[in-house]
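**Q** target.txt is reproduced below (compact mmCIF, C-alpha atoms).
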```
# COMPACT_ATOMS: atom_id res chain seq x y z
CA MET V 1 3.81 5.15 13.26
CA LYS V 2 0.23 5.88 14.02
CA ALA V 3 -2.32 6.82 11.36
CA ARG V 4 -5.44 8.72 12.34
CA ILE V 5 -8.00 8.18 9.61
CA LYS V 6 -11.27 10.09 9.23
CA ILE V 7 -13.92 8.73 6.91
CA THR V 8 -16.86 10.94 6.09
CA LEU V 9 -19.84 10.69 3.78
CA LYS V 10 -19.51 12.78 0.63
CA ASN V 11 -21.60 15.90 0.34
CA GLY V 12 -25.02 15.07 -1.02
CA VAL V 13 -25.06 11.54 0.40
CA LEU V 14 -27.95 11.18 2.83
CA ASP V 15 -26.85 10.70 6.45
CA PRO V 16 -29.79 9.45 8.55
CA GLN V 17 -27.54 8.72 11.54
CA GLY V 18 -26.33 12.33 11.53
CA LYS V 19 -29.91 13.57 11.24
CA ALA V 20 -30.91 11.40 14.22
CA ILE V 21 -28.07 12.86 16.31
CA GLY V 22 -29.16 16.37 15.32
CA HIS V 23 -32.74 15.67 16.41
CA ALA V 24 -31.58 14.12 19.68
CA LEU V 25 -29.46 17.19 20.42
CA GLU V 26 -32.44 19.46 19.77
CA THR V 27 -34.61 17.33 22.04
CA LEU V 28 -31.97 17.76 24.75
CA GLY V 29 -32.34 21.54 24.42
CA PHE V 30 -29.37 22.44 22.23
CA SER V 31 -30.37 25.12 19.74
CA GLY V 32 -28.68 26.57 16.68
CA ILE V 33 -27.61 23.23 15.26
CA ASN V 34 -27.53 23.52 11.50
CA ASP V 35 -26.25 20.17 10.41
CA VAL V 36 -24.74 17.00 11.85
CA ARG V 37 -22.79 14.42 9.85
CA GLN V 38 -21.49 11.19 11.31
CA GLY V 39 -18.40 9.44 10.05
CA LYS V 40 -15.84 6.91 11.20
CA TYR V 41 -12.54 7.43 12.93
CA ILE V 42 -9.91 4.71 12.78
CA GLU V 43 -6.48 4.61 14.40
CA VAL V 44 -3.97 2.18 12.93
CA LYS V 45 -0.60 1.52 14.57
CA LEU V 46 1.96 0.53 11.97
CA ALA V 47 5.37 -1.08 12.39
CA GLU V 48 6.56 0.96 9.36
CA THR V 49 8.81 3.87 10.33
CA ASP V 50 9.34 5.48 6.92
CA GLU V 51 6.74 8.20 6.45
CA ALA V 52 6.42 7.94 2.66
CA ARG V 53 5.90 4.18 2.79
CA ALA V 54 3.46 4.46 5.68
CA ARG V 55 1.49 7.12 3.79
CA ASP V 56 1.34 4.86 0.75
CA ALA V 57 0.19 1.86 2.83
CA VAL V 58 -2.54 3.82 4.62
CA GLU V 59 -3.73 5.27 1.32
CA ARG V 60 -4.13 1.73 -0.03
CA MET V 61 -5.86 0.54 3.17
CA CYS V 62 -8.40 3.34 2.81
CA LYS V 63 -9.06 2.58 -0.85
CA ASP V 64 -9.17 -1.21 -0.48
CA LEU V 65 -11.07 -1.66 2.76
CA LEU V 66 -11.74 1.23 5.07
CA ALA V 67 -13.63 3.67 2.87
CA ASN V 68 -16.26 3.11 0.22
CA THR V 69 -14.93 5.72 -2.20
CA VAL V 70 -18.21 5.86 -4.13
CA ILE V 71 -19.97 7.55 -1.22
CA GLU V 72 -17.20 8.34 1.28
CA ASN V 73 -14.18 10.62 1.50
CA TYR V 74 -11.19 9.82 3.65
CA SER V 75 -8.33 11.83 5.07
CA PHE V 76 -5.58 10.87 7.45
CA GLU V 77 -2.66 12.19 9.46
CA LEU V 78 0.48 10.30 10.38
CA GLU V 79 2.22 10.62 13.70
CA SER V 80 5.55 9.02 14.48
CA MET H 1 -18.83 27.35 13.45
CA LYS H 2 -18.05 23.77 12.73
CA ALA H 3 -17.02 21.29 15.43
CA ARG H 4 -15.07 18.18 14.46
CA ILE H 5 -15.53 15.66 17.24
CA LYS H 6 -13.55 12.44 17.65
CA ILE H 7 -14.84 9.80 20.02
CA THR H 8 -12.55 6.91 20.85
CA LEU H 9 -12.71 3.97 23.22
CA LYS H 10 -10.60 4.38 26.33
CA ASN H 11 -7.41 2.37 26.61
CA GLY H 12 -8.16 -1.03 28.02
CA VAL H 13 -11.70 -1.19 26.65
CA LEU H 14 -12.02 -4.13 24.26
CA ASP H 15 -12.58 -3.08 20.64
CA PRO H 16 -13.81 -6.08 18.60
CA GLN H 17 -14.62 -3.89 15.60
CA GLY H 18 -11.05 -2.60 15.51
CA LYS H 19 -9.73 -6.16 15.84
CA ALA H 20 -11.92 -7.25 12.90
CA ILE H 21 -10.55 -4.40 10.76
CA GLY H 22 -7.00 -5.41 11.70
CA HIS H 23 -7.65 -9.02 10.68
CA ALA H 24 -9.26 -7.94 7.41
CA LEU H 25 -6.24 -5.76 6.60
CA GLU H 26 -3.89 -8.68 7.24
CA THR H 27 -6.03 -10.91 5.04
CA LEU H 28 -5.68 -8.31 2.29
CA GLY H 29 -1.91 -8.59 2.55
CA PHE H 30 -1.03 -5.59 4.71
CA SER H 31 1.70 -6.49 7.16
CA GLY H 32 3.17 -4.72 10.16
CA ILE H 33 -0.17 -3.71 11.63
CA ASN H 34 0.18 -3.58 15.39
CA ASP H 35 -3.19 -2.35 16.51
CA VAL H 36 -6.41 -0.93 15.10
CA ARG H 37 -9.00 1.01 17.10
CA GLN H 38 -12.27 2.22 15.70
CA GLY H 39 -14.07 5.28 16.92
CA LYS H 40 -16.66 7.77 15.77
CA TYR H 41 -16.23 11.06 14.00
CA ILE H 42 -18.99 13.64 14.15
CA GLU H 43 -19.19 17.05 12.48
CA VAL H 44 -21.64 19.53 13.94
CA LYS H 45 -22.40 22.85 12.27
CA LEU H 46 -23.41 25.43 14.82
CA ALA H 47 -25.10 28.78 14.37
CA GLU H 48 -23.06 30.08 17.35
CA THR H 49 -20.20 32.35 16.31
CA ASP H 50 -18.55 32.96 19.69
CA GLU H 51 -15.76 30.43 20.17
CA ALA H 52 -15.98 30.17 23.96
CA ARG H 53 -19.73 29.58 23.90
CA ALA H 54 -19.43 27.10 21.03
CA ARG H 55 -16.71 25.22 22.93
CA ASP H 56 -18.93 25.07 25.99
CA ALA H 57 -21.92 23.82 23.99
CA VAL H 58 -19.93 21.10 22.20
CA GLU H 59 -18.42 20.00 25.51
CA ARG H 60 -21.94 19.56 26.91
CA MET H 61 -23.13 17.76 23.75
CA CYS H 62 -20.28 15.26 24.12
CA LYS H 63 -20.98 14.66 27.80
CA ASP H 64 -24.77 14.46 27.46
CA LEU H 65 -25.21 12.49 24.27
CA LEU H 66 -22.34 11.85 21.92
CA ALA H 67 -19.83 10.04 24.13
CA ASN H 68 -20.31 7.45 26.82
CA THR H 69 -17.71 8.85 29.18
CA VAL H 70 -17.48 5.61 31.16
CA ILE H 71 -15.78 3.85 28.25
CA GLU H 72 -15.08 6.60 25.71
CA ASN H 73 -12.87 9.67 25.40
CA TYR H 74 -13.75 12.62 23.23
CA SER H 75 -11.81 15.47 21.73
CA PHE H 76 -12.86 18.18 19.32
CA GLU H 77 -11.63 21.10 17.26
CA LEU H 78 -13.59 24.17 16.31
CA GLU H 79 -13.36 25.87 12.95
CA SER H 80 -15.04 29.15 12.11
```
Please render this file's structure as structure tokens.

**A**
Amino acid sequence: MKARIKITLKNGVLDPQGKAIGHALETLGFSGINDVRQGKYIEVKLAETDEARARDAVERMCKDLLANTVIENYSFELES
Amino acid sequence: MKARIKITLKNGVLDPQGKAIGHALETLGFSGINDVRQGKYIEVKLAETDEARARDAVERMCKDLLANTVIENYSFELES
């Protein structure tokens, strides 16, 4: 199974990297950009084939290592 | 409109950051991890409301700034 994990900063947490991207896009001539937020995207290939167990494992991976749940949210999709 | 952009390394491009995450997960006791790849996730809020024009703008943003198309692939979804 493959897990596609998105990790984003929570609302209200300052995102200087996102701001920098927004400024760079404006400098390049793109207009009408209201907000940019940068996060992480992680793909994990698992040997596990049972969806419930895979979901449980990925949930624990996110909580234990991948996301800092104080300032970040995570979400993921599984694909067999 | 909101664009959710995923930027991933192309197949065959070495991903030391992904490897490090894979090792860390194994150290934490997770087994059956075959491969980990890390990418970037960017959310852009656009003032544009026309989907075709928004799609065109995001495509250009990815090519011009967000992704290095020599080594990276990008994909995005739009949400109104």

**Q** Report the distance between CA of Gln38 (chain H) and CA of Glu51 (chain H) in Å, rounded to one decimal place.

**A** 28.8 Å

**Q** Would you kindly return, as an NGL selection string, each protein, DNA or RNA residue with an atom no farther than 9 Å from any atom of Gly18 (chain V), considering all atoms listed in the file and excluding same-chain residues fewer than 3 positions away?

**A** (:V and (14-15 or 21-23 or 35-39)) or (:H and (42-44))

**Q** Would you please work out which residue, of H:Tyr41, H:Gly32, H:Leu9, H:Leu25, is nearest to Tyr74 (chain V) when using all atoms listed in the file?

**A**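 With all atoms listed in the file as the atom set, the closest residue is H:Tyr41.
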
**Q** Would you compute the distance between CA of Lys45 (chain H) and CA of Lys63 (chain H)? Give it in Å to one decimal.

**A**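 Spanning CA of Lys45 (chain H) to CA of Lys63 (chain H) is a straight-line distance of 17.6 Å.
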
**Q** Select, from V:Lys40, V:Ile7, V:Met1, V:Gln17, the residue with the minimum atom-to-atom distance to Ser80 (chain V), counting all atoms listed in the file.

**A**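 Residue with the minimum atom-to-atom distance to Ser80 (chain V): V:Met1.
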
**Q** Record the distance separating CA of Leu28 (chain V) and CA of Leu46 (chain H), expressed in Å with one decimal.

**A**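 Between CA of Leu28 (chain V) and CA of Leu46 (chain H) the gap works out to 15.2 Å.
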
**Q** Hey, what's within 12 Å of Ala52 (chain V) if we count only C-alpha atoms and toss same-chain stuff fewer than 4 positions away? As number ranges by chain, please?

**A** V: 1, 48, 56-59, 78, 80

**Q** Box for region 50-64 of chain V: with edges along x, y and z, all listed atoms inside and 5 Å added on each side, what are the centre and edge lengths in Å to one decimal, as JSON?

**A**
```
{"center_x": 0.1, "center_y": 3.5, "center_z": 3.0, "size_x": 28.5, "size_y": 19.4, "size_z": 17.8}
```

**Q** So which one's closest to Thr49 (chain V), V:Glu79, V:Glu72, V:Asn34, V:Gly12? Using all atoms listed in the file, please.

**A**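 Smallest distance to Thr49 (chain V) is found for V:Glu79.
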
**Q** So which residues are close to (-8.0, 14.7, 5.1), meaning at most 9 Å away in the file's coordinates with only C-alpha atoms counted, and can you show them as a PyMOL selection string?

**A** chain V and resi 5-7+73-77

**Q** Counting only C-alpha atoms, which of V:Ala47, V:Val70, V:Ala54, V:Ala3 gets nearest to Ile33 (chain H)?

**A** V:Ala47
